[in-house]
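Okay, so here's the structure we're looking at.
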Amino acid sequence: MKYKDTKVSFISNEEIKNKADNFRLKYWRNEIPVGIEEIVELKLKISIIPIPNLMSQCGLDAQITSDFSSIYVDQRNYENETSRFRFSLAHELGHLVLHKIFYEALNISSMDEVYEFIYEIDADEYSYLETQANKFANYFLVPREELSKIREKILTEKLSKKQDISVFDEKTLNSYLAGHIASLFLVSSGTVEIALNDLSSLKK
């Protein structure tokens with residue numbers, strides 16, 4: 001039971017965003033979509049290792065090793081689910097950036113230890129860990145400055161065509177726009193919708 005008493009430190013949304021932005025600026029050009037595979041394999045020298053049934057066997061899309069040399073990924077996502085695979089890689093980079101010391105202490109170096117960690121850690125602590133990495137992935141793959149520009153461009157085009165968007169509340173409008181924007185970032189519409197709602201909250 002070596003993972004039972006594991007505790008996860010609090011990290012604010014602002015800190016997560018800043019770390020994601022700084023990491024992207026360090027390893028990527030100022031353009032979208034972000035080349036997550038190029039960053040992982042060529043710039044960080046992290047191996048991507050597809051594992052059959054990783055999701056079905058332990059509920060994981062991906063898992064980074066404690067020495068940060070490899071990322072295990074679900075083989076089906078790797079082969080067939082581009083946006084999900086990309087988000088999974090960014091999520092694991094989130095663990096590298098946000099939880100480096102934490103992961104080094106876990107000393108995970110095999111799939112058996114991955115399974116052990118998942119089943120032993122307290123559910124709330126694991127939820128904190130994953131939520132932080134999910135937020136990092138969203139900020140990393142969907143830069144807010146670029147998203148804001150694209151959102152305003154689409155809204156301007158809609159208004160120029162005299163399309164009435166005033167009937168939508170902001171969340172409904174964001175949900176509608178997400179479907180038009182997602183392909184530009186090579187992420188899911190759900191990921192973009194979260195990012196758009198985040199933009200809306202910053203304006204308030």
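The way I read the labels, and the way they are meant: chains A, B, ... in the order of the structure tokens, residue 1 as the first residue of every chain, and ligand 1 as the first ligand shown, with later ones counted on from there.
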Task: Exercise: Tyr115 in chain A partners within 12 Å, only C-alpha atoms, chain neighbours under 2 positions left out, as a PyMOL selection string - done: chain A and resi 3+54-55+57-60+62-63+108-113+117-121
Export of prior selection with C-alpha atoms as a PDB file, in the first residue's frame:
```
ATOM      1  CA  TYR A   3       0.486   4.902  -2.630  1.00  0.00           C
ATOM      2  CA  LEU A  54      -5.034   0.510 -21.535  1.00  0.00           C
ATOM      3  CA  MET A  55      -8.375   2.294 -21.204  1.00  0.00           C
ATOM      4  CA  GLN A  57      -8.134  -2.419 -18.226  1.00  0.00           C
ATOM      5  CA  CYS A  58      -7.410   0.523 -15.912  1.00  0.00           C
ATOM      6  CA  GLY A  59      -9.394   3.498 -17.183  1.00  0.00           C
ATOM      7  CA  LEU A  60      -6.388   5.385 -18.551  1.00  0.00           C
ATOM      8  CA  ALA A  62      -2.225   7.589 -21.089  1.00  0.00           C
ATOM      9  CA  GLN A  63       0.365   7.474 -18.300  1.00  0.00           C
ATOM     10  CA  ILE A 108       6.565   4.363 -11.464  1.00  0.00           C
ATOM     11  CA  SER A 109       8.498   2.469 -14.126  1.00  0.00           C
ATOM     12  CA  SER A 110       6.150  -0.302 -15.317  1.00  0.00           C
ATOM     13  CA  MET A 111       2.511  -0.885 -16.190  1.00  0.00           C
ATOM     14  CA  ASP A 112       2.123  -3.050 -13.074  1.00  0.00           C
ATOM     15  CA  GLU A 113       3.092  -0.056 -10.948  1.00  0.00           C
ATOM     16  CA  PHE A 117      -0.947   3.462  -8.158  1.00  0.00           C
ATOM     17  CA  ILE A 118      -4.416   3.890  -9.697  1.00  0.00           C
ATOM     18  CA  TYR A 119      -6.030   1.379  -7.370  1.00  0.00           C
ATOM     19  CA  GLU A 120      -4.300   2.483  -4.154  1.00  0.00           C
ATOM     20  CA  ILE A 121      -4.370   6.295  -4.235  1.00  0.00           C
TER      21      ILE A 121
END
```
Set out as CSV a contact list for range 61-127 of chain A and range 183-199 of chain A with a cut-off of 8 Å, giving each residue of range 61-127 of chain A that qualifies its closest atom pair and distance in Å to one decimal, counting only C-alpha atoms, ordered by chain and rising residue number.
```
residue,atom,partner,partner_atom,distance
A:Thr82,CA,A:Leu186,CA,7.6
A:Ser83,CA,A:Val187,CA,4.5
A:Arg84,CA,A:Val187,CA,7.2
A:Arg86,CA,A:Val187,CA,7.3
A:Phe87,CA,A:Val187,CA,7.0
```
Got time to write the residues from that selection, N, CA and C atoms, as a short mmCIF file (atom, residue, chain, number, x, y, z; two decimals), in the first residue's frame?
```
data_model
loop_
_atom_site.label_atom_id
_atom_site.label_comp_id
_atom_site.auth_asym_id
_atom_site.auth_seq_id
_atom_site.Cartn_x
_atom_site.Cartn_y
_atom_site.Cartn_z
N THR A 82 -7.59 11.05 -32.95
CA THR A 82 -6.55 12.08 -32.99
C THR A 82 -6.67 13.11 -31.87
N SER A 83 -7.85 13.70 -31.71
CA SER A 83 -8.01 14.76 -30.71
C SER A 83 -7.83 14.22 -29.30
N ARG A 84 -8.35 13.04 -29.05
CA ARG A 84 -8.21 12.44 -27.71
C ARG A 84 -6.76 12.09 -27.42
N ARG A 86 -4.09 13.54 -28.72
CA ARG A 86 -3.35 14.78 -28.53
C ARG A 86 -3.59 15.34 -27.13
N PHE A 87 -4.85 15.30 -26.69
CA PHE A 87 -5.15 15.81 -25.35
C PHE A 87 -4.47 14.96 -24.29
#
```
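Distance-wise, CA of Ser12 in chain A and CA of Leu106 in chain A end up 22.7 Å apart.
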- [ ] Name the residues of chain A that come out as helix (DSSP H, G or I) in a backbone DSSP run; write them as number ranges by chain.
- [x] A: 13-27, 36-43, 54-58, 75-80, 82-98, 100-106, 111-120, 123-141, 144-160, 170-185, 189-203
TODO: Record the distance separating CA of Asp74 in chain A and CA of Ile48 in chain A, expressed in Å with one decimal.
DONE: 10.2 Å
